[in-house]
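Engineer: My structure is stored as structure17.txt, with compact mmCIF, C-alpha atoms.
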# COMPACT_ATOMS: atom_id res chain seq x y z
CA MET A 918 3.22 6.92 -40.04
CA GLN A 919 -0.11 7.24 -38.25
CA PRO A 920 -0.74 10.58 -36.49
CA ASN A 921 -1.03 10.53 -32.72
CA THR A 922 -4.62 10.29 -31.62
CA PHE A 923 -6.24 10.69 -28.24
CA THR A 924 -9.21 8.59 -27.29
CA ALA A 925 -11.26 10.14 -24.52
CA PRO A 926 -12.40 7.78 -21.75
CA PRO A 927 -16.05 6.72 -22.06
CA LYS A 928 -18.44 9.10 -20.39
CA LEU A 929 -20.02 7.78 -17.22
CA THR A 930 -23.74 7.17 -17.42
CA ARG A 931 -26.16 7.82 -14.58
CA ALA A 932 -26.37 4.06 -14.07
CA ASP A 933 -22.55 3.97 -13.70
CA THR A 934 -22.62 6.71 -11.08
CA VAL A 935 -25.45 5.12 -9.10
CA PHE A 936 -23.83 1.70 -9.30
CA THR A 937 -20.53 3.04 -7.92
CA ASP A 938 -22.20 5.00 -5.11
CA LEU A 939 -24.45 2.12 -4.02
CA ARG A 940 -21.53 -0.29 -4.20
CA GLN A 941 -19.50 1.85 -1.80
CA ARG A 942 -22.44 2.30 0.58
CA ILE A 943 -23.10 -1.45 0.67
CA VAL A 944 -19.43 -2.44 1.02
CA GLU A 945 -18.83 0.02 3.87
CA GLY A 946 -22.05 -0.91 5.69
CA ASP A 947 -23.99 2.32 5.19
CA ILE A 948 -26.71 0.08 3.74
CA PHE A 949 -27.06 -2.82 6.16
CA THR A 950 -26.65 -6.46 5.21
CA GLY A 951 -29.94 -8.24 4.71
CA SER A 952 -31.87 -5.00 4.18
CA LYS A 953 -34.45 -4.74 1.40
CA LEU A 954 -33.92 -2.00 -1.14
CA SER A 955 -36.86 0.20 -2.03
CA GLU A 956 -36.70 0.91 -5.74
CA PRO A 957 -39.12 3.88 -5.60
CA GLU A 958 -37.09 5.51 -2.79
CA LEU A 959 -33.75 4.93 -4.52
CA ALA A 960 -35.05 6.21 -7.86
CA LYS A 961 -36.30 9.34 -6.10
CA HIS A 962 -33.06 9.78 -4.13
CA TYR A 963 -30.87 9.56 -7.23
CA GLU A 964 -33.40 11.32 -9.46
CA ILE A 965 -33.31 8.58 -12.08
CA SER A 966 -35.82 6.35 -13.84
CA ARG A 967 -36.67 2.89 -12.53
CA SER A 968 -35.09 1.32 -15.63
CA THR A 969 -31.79 3.14 -15.01
CA LEU A 970 -31.88 2.08 -11.36
CA ARG A 971 -32.51 -1.55 -12.30
CA ASP A 972 -29.47 -1.46 -14.56
CA ALA A 973 -27.34 -0.44 -11.56
CA LEU A 974 -29.00 -2.99 -9.26
CA SER A 975 -28.48 -5.78 -11.76
CA ARG A 976 -24.77 -4.99 -11.88
CA LEU A 977 -24.60 -5.04 -8.07
CA GLU A 978 -26.24 -8.46 -8.15
CA GLY A 979 -23.51 -9.55 -10.57
CA CYS A 980 -20.91 -8.42 -8.00
CA GLY A 981 -22.52 -10.65 -5.39
CA LEU A 982 -23.60 -7.72 -3.22
CA LEU A 983 -27.33 -8.05 -3.87
CA GLU A 984 -29.70 -10.95 -4.28
CA ARG A 985 -33.05 -10.80 -6.03
CA LYS A 986 -36.08 -12.87 -5.08
CA ALA A 987 -39.44 -13.12 -6.80
CA ASN A 988 -42.16 -10.92 -5.26
CA ILE A 989 -39.60 -9.43 -2.86
CA GLY A 990 -37.08 -7.58 -4.98
CA TYR A 991 -33.47 -6.82 -4.16
CA ARG A 992 -31.85 -7.37 -0.77
CA VAL A 993 -28.29 -6.80 0.37
CA VAL A 994 -26.63 -10.16 0.89
CA THR A 995 -26.33 -11.47 4.43
CA LEU A 996 -22.76 -12.19 5.48
CA SER A 997 -21.78 -15.40 7.20
CA THR A 998 -18.53 -16.93 8.41
CA GLU A 999 -19.19 -20.06 6.35
CA GLN A 1000 -19.55 -18.05 3.14
CA LEU A 1001 -16.41 -16.06 3.92
CA LEU A 1002 -14.38 -19.24 4.40
CA GLU A 1003 -15.72 -20.62 1.13
CA ILE A 1004 -14.54 -17.47 -0.63
CA PHE A 1005 -11.08 -17.85 0.92
CA ARG A 1006 -10.83 -21.41 -0.42
CA VAL A 1007 -11.81 -20.29 -3.90
CA ARG A 1008 -9.35 -17.39 -3.76
CA GLU A 1009 -6.56 -19.68 -2.61
CA SER A 1010 -6.87 -21.76 -5.76
CA LEU A 1011 -7.60 -19.01 -8.26
CA GLU A 1012 -5.14 -16.41 -6.96
CA GLY A 1013 -2.45 -19.08 -6.76
CA THR A 1014 -2.96 -19.70 -10.47
CA ALA A 1015 -3.03 -15.96 -11.17
CA CYS A 1016 0.27 -15.55 -9.32
CA ARG A 1017 1.92 -18.29 -11.38
CA LEU A 1018 0.76 -16.60 -14.58
CA ALA A 1019 1.89 -13.20 -13.29
CA ALA A 1020 5.42 -14.58 -12.88
CA LYS A 1021 5.33 -15.41 -16.57
CA ASN A 1022 3.57 -12.34 -17.92
CA MET A 1023 4.33 -9.30 -15.73
CA SER A 1024 6.85 -6.86 -17.19
CA LYS A 1025 9.75 -5.44 -15.20
CA GLU A 1026 7.99 -2.07 -15.20
CA HIS A 1027 4.85 -3.55 -13.64
CA ILE A 1028 6.87 -5.46 -11.07
CA ASP A 1029 8.73 -2.26 -10.14
CA ASP A 1030 5.37 -0.51 -9.75
CA LEU A 1031 4.21 -3.33 -7.48
CA ARG A 1032 7.27 -2.83 -5.27
CA LYS A 1033 6.52 0.91 -5.10
CA LEU A 1034 2.99 0.05 -4.01
CA LEU A 1035 4.36 -1.95 -1.07
CA VAL A 1036 6.51 1.02 -0.06
CA ILE A 1037 3.30 3.07 0.16
CA HIS A 1038 1.56 0.31 2.13
CA ASN A 1039 4.46 0.11 4.58
CA GLN A 1040 4.09 3.79 5.42
CA THR A 1041 0.59 3.41 6.83
CA GLU A 1042 0.31 3.88 10.58
CA SER A 1043 -1.89 0.81 11.10
CA LEU A 1044 0.72 -1.45 9.50
CA GLN A 1045 3.61 0.22 11.33
CA GLN A 1046 1.78 -0.47 14.60
CA GLY A 1047 1.09 -4.07 13.53
CA GLU A 1048 -2.65 -3.56 13.96
CA ALA A 1049 -4.01 -3.96 10.43
CA TYR A 1050 -2.92 -4.14 6.81
CA MET A 1051 -5.43 -1.88 5.07
CA GLN A 1052 -5.41 -1.39 1.29
CA GLU A 1053 -7.42 0.87 -0.97
CA GLU A 1054 -9.31 -0.74 -3.84
CA GLY A 1055 -8.31 -1.36 -7.43
CA ASP A 1056 -4.77 -0.48 -8.50
CA LEU A 1057 -3.84 0.29 -4.87
CA ASP A 1058 -4.63 -3.30 -3.86
CA PHE A 1059 -1.73 -5.79 -4.04
CA HIS A 1060 -3.94 -8.77 -4.86
CA PHE A 1061 -5.85 -6.84 -7.54
CA ARG A 1062 -2.54 -5.95 -9.23
CA ILE A 1063 -1.37 -9.57 -9.20
CA VAL A 1064 -4.56 -10.83 -10.82
CA MET A 1065 -4.46 -8.10 -13.46
CA GLY A 1066 -0.82 -9.00 -14.09
CA SER A 1067 -1.78 -12.59 -14.84
CA GLY A 1068 -3.23 -11.48 -18.16
CA ASN A 1069 -5.95 -14.13 -17.87
CA LYS A 1070 -9.32 -12.59 -18.73
CA LEU A 1071 -11.38 -15.24 -16.93
CA LEU A 1072 -9.41 -14.90 -13.69
CA ILE A 1073 -9.65 -11.12 -13.94
CA ARG A 1074 -13.43 -11.30 -14.34
CA LEU A 1075 -13.87 -13.74 -11.46
CA LEU A 1076 -11.48 -12.13 -8.98
CA CYS A 1077 -11.49 -8.42 -9.92
CA GLU A 1078 -15.17 -8.11 -10.74
CA GLU A 1079 -17.48 -10.87 -9.51
CA LEU A 1080 -15.85 -11.62 -6.13
CA TYR A 1081 -13.80 -8.51 -5.51
CA TYR A 1082 -16.30 -6.22 -3.80
CA LEU A 1083 -17.88 -9.03 -1.84
CA VAL A 1084 -14.43 -9.72 -0.35
CA ARG A 1085 -14.00 -6.01 0.43
CA MET A 1086 -17.43 -5.99 2.08
CA TYR A 1087 -16.29 -8.73 4.44
CA ARG A 1088 -13.06 -6.87 5.19
CA PHE A 1089 -14.92 -3.71 6.14
CA GLN A 1090 -17.72 -5.28 8.13
CA PHE A 1091 -15.92 -8.19 9.81
CA GLY A 1092 -13.06 -5.88 10.74
CA MET A 1093 -9.66 -5.40 9.12
CA ALA A 1094 -7.59 -5.67 12.29
CA SER A 1095 -5.21 -8.61 12.18
CA PRO A 1096 -2.42 -9.86 14.45
CA ARG A 1097 -0.57 -11.03 11.34
CA ALA A 1098 -0.50 -7.64 9.57
CA LYS A 1099 3.30 -7.33 9.43
CA LYS A 1100 3.74 -10.99 8.53
CA ALA A 1101 1.23 -10.60 5.69
CA PHE A 1102 3.25 -7.65 4.39
CA ARG A 1103 6.45 -9.74 4.39
CA GLU A 1104 4.59 -12.47 2.54
CA HIS A 1105 3.69 -9.93 -0.14
CA GLU A 1106 7.38 -9.03 -0.47
CA ASN A 1107 8.31 -12.70 -0.92
CA ILE A 1108 5.61 -13.15 -3.54
CA ILE A 1109 6.96 -10.20 -5.55
CA GLN A 1110 10.46 -11.65 -5.38
CA ALA A 1111 9.25 -14.99 -6.78
CA ILE A 1112 7.42 -13.17 -9.58
CA GLU A 1113 10.52 -11.11 -10.39
CA ASP A 1114 12.59 -14.32 -10.46
CA LYS A 1115 10.07 -15.77 -12.95
CA ASP A 1116 9.56 -18.69 -10.57
CA GLY A 1117 5.88 -19.35 -11.23
CA GLU A 1118 5.77 -22.52 -9.15
CA LEU A 1119 7.12 -20.80 -6.05
CA ALA A 1120 4.94 -17.73 -6.63
CA GLU A 1121 1.84 -19.92 -6.70
CA ILE A 1122 2.86 -21.80 -3.54
CA LEU A 1123 3.57 -18.57 -1.66
CA MET A 1124 0.24 -17.01 -2.67
CA ARG A 1125 -1.72 -20.11 -1.70
CA ARG A 1126 0.02 -20.23 1.69
CA HIS A 1127 -0.60 -16.50 2.17
CA ILE A 1128 -4.34 -16.78 1.59
CA SER A 1129 -4.58 -20.01 3.58
CA ALA A 1130 -2.92 -18.28 6.56
CA SER A 1131 -5.44 -15.44 6.32
CA ARG A 1132 -8.29 -17.96 6.27
CA LEU A 1133 -6.95 -19.73 9.36
CA ASN A 1134 -6.62 -16.36 11.09
CA VAL A 1135 -10.28 -15.62 10.36
CA GLU A 1136 -11.33 -19.04 11.63
CA ASN A 1137 -9.41 -18.53 14.86
CA ARG A 1138 -10.95 -15.09 15.36
CA MET A 1139 -14.46 -16.39 14.78
CA ASN A 1140 -13.94 -19.27 17.21
CA THR A 1141 -13.07 -16.83 19.98
CA LEU A 1142 -16.17 -14.64 19.50
Can the structure from this file be put into C-alpha cells for me?

Structural biologist:
Amino acid sequence: MQPNTFTAPPKLTRADTVFTDLRQRIVEGDIFTGSKLSEPELAKHYEISRSTLRDALSRLEGCGLLERKANIGYRVVTLSTEQLLEIFRVRESLEGTACRLAAKNMSKEHIDDLRKLLVIHNQTESLQQGEAYMQEEGDLDFHFRIVMGSGNKLLIRLLCEELYYLVRMYRFQFGMASPRAKKAFREHENIIQAIEDKDGELAEILMRRHISASRLNVENRMNTL
C-alpha cells in the first residue's frame, strides 16, 4: 500500500501574479478599453523585468483581453455590440454541447454541489430584487461549473480560458442588470434537473435556449440605447 503523500500547489511566479492583477483591472474597467499599455511603466509599477511582463501580457492576449500590433505594442481590446453577439452565438453552440456531456459525465456529488451553488446565488439581494443575476468567477460561476463538468478538455480550454474573461469583461462594462434575472435563475434550475436526469438532449436544448434568450435580451437593450 502506497503511503499518503501531499503535493503542494505550484508556487505562483511573478508573471502569474501580474497576469492575475492586470486581468482583473482590465475586466473591471480600471484599465480602459482601447488604451495602449506602456511596458516601461508597467514593469516599473510591478517591479519586474520586461521579459516577465511580456510573459503576462502574452497570456492576456491569449485570453482575448489584449491585442498586439507591430510598432504599437499591446492595447486593451475595444468592445463592440457586434463582437458580443458573435460570442453569444459561439457560446450557444459550445455550451450546449458541454451541457449534454455534463449530463453524461457529472457525478451525483458534483451535481449536488451545483445545486448548493444556486442556493447561494438565490440569496443575493440583486437577484431577490429581480435586478441582476451576478456571479463570481470560476467555481462560483454556474456556466463555468457546467463546462468543467463536461470533462472535454477542448471545450474547457475554449470556454473557461480563451473566452471566459472576455465574456466577464462585457458583463462588467456593458452592465449586469437584466430584466430576466429571476427567469435566468429558473432556467439554471431546469438545466440542473436535466443533467441530474441524465437527459443530455434536453440539457443541451435548455442551455442553448438559455444563452439565446440572453443574447436577445442584449440585442433589445442595445436597440433602445

Engineer: So what do you get for CA of Glu1042 (chain A) versus CA of Arg1097 (chain A), distance-wise?

Structural biologist: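 Going from CA of Glu1042 (chain A) over to CA of Arg1097 (chain A) covers 15.0 Å.
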
Engineer: Ranking A:Thr950, A:Gln1110, A:Gln1090, A:Asn1022 by minimum distance to Arg992 (chain A) and counting all atoms listed in the file, which one comes first?

Structural biologist: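 Of all the options, A:Thr950 lies closest to Arg992 (chain A).
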
Engineer: For Pro957 (chain A), find every residue with an atom within 12 Å (counting only C-alpha atoms), except residues of its own chain fewer than 5 positions away, and show them as a ChimeraX atom specification.

Structural biologist: /A:962-971,990

Engineer: For C-alpha atoms, I'd like the residues from the last selection saved as a CSV table (one decimal), keeping the file's coordinate frame.

Structural biologist:
chain,number,residue,atom,x,y,z
A,962,HIS,CA,-33.1,9.8,-4.1
A,963,TYR,CA,-30.9,9.6,-7.2
A,964,GLU,CA,-33.4,11.3,-9.5
A,965,ILE,CA,-33.3,8.6,-12.1
A,966,SER,CA,-35.8,6.4,-13.8
A,967,ARG,CA,-36.7,2.9,-12.5
A,968,SER,CA,-35.1,1.3,-15.6
A,969,THR,CA,-31.8,3.1,-15.0
A,970,LEU,CA,-31.9,2.1,-11.4
A,971,ARG,CA,-32.5,-1.6,-12.3
A,990,GLY,CA,-37.1,-7.6,-5.0

Engineer: List as a compact mmCIF listing (two decimals) with C-alpha atoms, in the frame of the given file the protein and nucleic acid residues near region 1023-1038 of chain A, meaning an atom at most 12 Å away when only C-alpha atoms are counted, but skip any in the same chain fewer than 2 places from it.

Structural biologist:
# COMPACT_ATOMS: atom_id res chain seq x y z
CA ALA A 1015 -3.03 -15.96 -11.17
CA CYS A 1016 0.27 -15.55 -9.32
CA ARG A 1017 1.92 -18.29 -11.38
CA LEU A 1018 0.76 -16.60 -14.58
CA ALA A 1019 1.89 -13.20 -13.29
CA ALA A 1020 5.42 -14.58 -12.88
CA LYS A 1021 5.33 -15.41 -16.57
CA GLN A 1040 4.09 3.79 5.42
CA THR A 1041 0.59 3.41 6.83
CA GLU A 1042 0.31 3.88 10.58
CA SER A 1043 -1.89 0.81 11.10
CA LEU A 1044 0.72 -1.45 9.50
CA GLN A 1045 3.61 0.22 11.33
CA ALA A 1049 -4.01 -3.96 10.43
CA TYR A 1050 -2.92 -4.14 6.81
CA MET A 1051 -5.43 -1.88 5.07
CA GLN A 1052 -5.41 -1.39 1.29
CA GLU A 1053 -7.42 0.87 -0.97
CA GLY A 1055 -8.31 -1.36 -7.43
CA ASP A 1056 -4.77 -0.48 -8.50
CA LEU A 1057 -3.84 0.29 -4.87
CA ASP A 1058 -4.63 -3.30 -3.86
CA PHE A 1059 -1.73 -5.79 -4.04
CA HIS A 1060 -3.94 -8.77 -4.86
CA PHE A 1061 -5.85 -6.84 -7.54
CA ARG A 1062 -2.54 -5.95 -9.23
CA ILE A 1063 -1.37 -9.57 -9.20
CA VAL A 1064 -4.56 -10.83 -10.82
CA MET A 1065 -4.46 -8.10 -13.46
CA GLY A 1066 -0.82 -9.00 -14.09
CA SER A 1067 -1.78 -12.59 -14.84
CA GLY A 1068 -3.23 -11.48 -18.16
CA ASN A 1069 -5.95 -14.13 -17.87
CA ALA A 1098 -0.50 -7.64 9.57
CA LYS A 1099 3.30 -7.33 9.43
CA ALA A 1101 1.23 -10.60 5.69
CA PHE A 1102 3.25 -7.65 4.39
CA ARG A 1103 6.45 -9.74 4.39
CA GLU A 1104 4.59 -12.47 2.54
CA HIS A 1105 3.69 -9.93 -0.14
CA GLU A 1106 7.38 -9.03 -0.47
CA ASN A 1107 8.31 -12.70 -0.92
CA ILE A 1108 5.61 -13.15 -3.54
CA ILE A 1109 6.96 -10.20 -5.55
CA GLN A 1110 10.46 -11.65 -5.38
CA ALA A 1111 9.25 -14.99 -6.78
CA ILE A 1112 7.42 -13.17 -9.58
CA GLU A 1113 10.52 -11.11 -10.39
CA ASP A 1114 12.59 -14.32 -10.46
CA LYS A 1115 10.07 -15.77 -12.95
CA ASP A 1116 9.56 -18.69 -10.57
CA GLY A 1117 5.88 -19.35 -11.23

Engineer: Find, counting only C-alpha atoms, the residue in A:Leu1076, A:Ala932, A:Val1135, A:Met1086 that gets nearest to Glu999 (chain A).

Structural biologist: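 Selected residue with least distance to Glu999 (chain A): A:Val1135.
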
Engineer: Could you check the closest approach to Thr995 (chain A) for each of A:Leu974, A:Leu1011, A:Met1139, A:Ile948 and tell me which residue wins, using all atoms listed in the file?

Structural biologist: A:Ile948
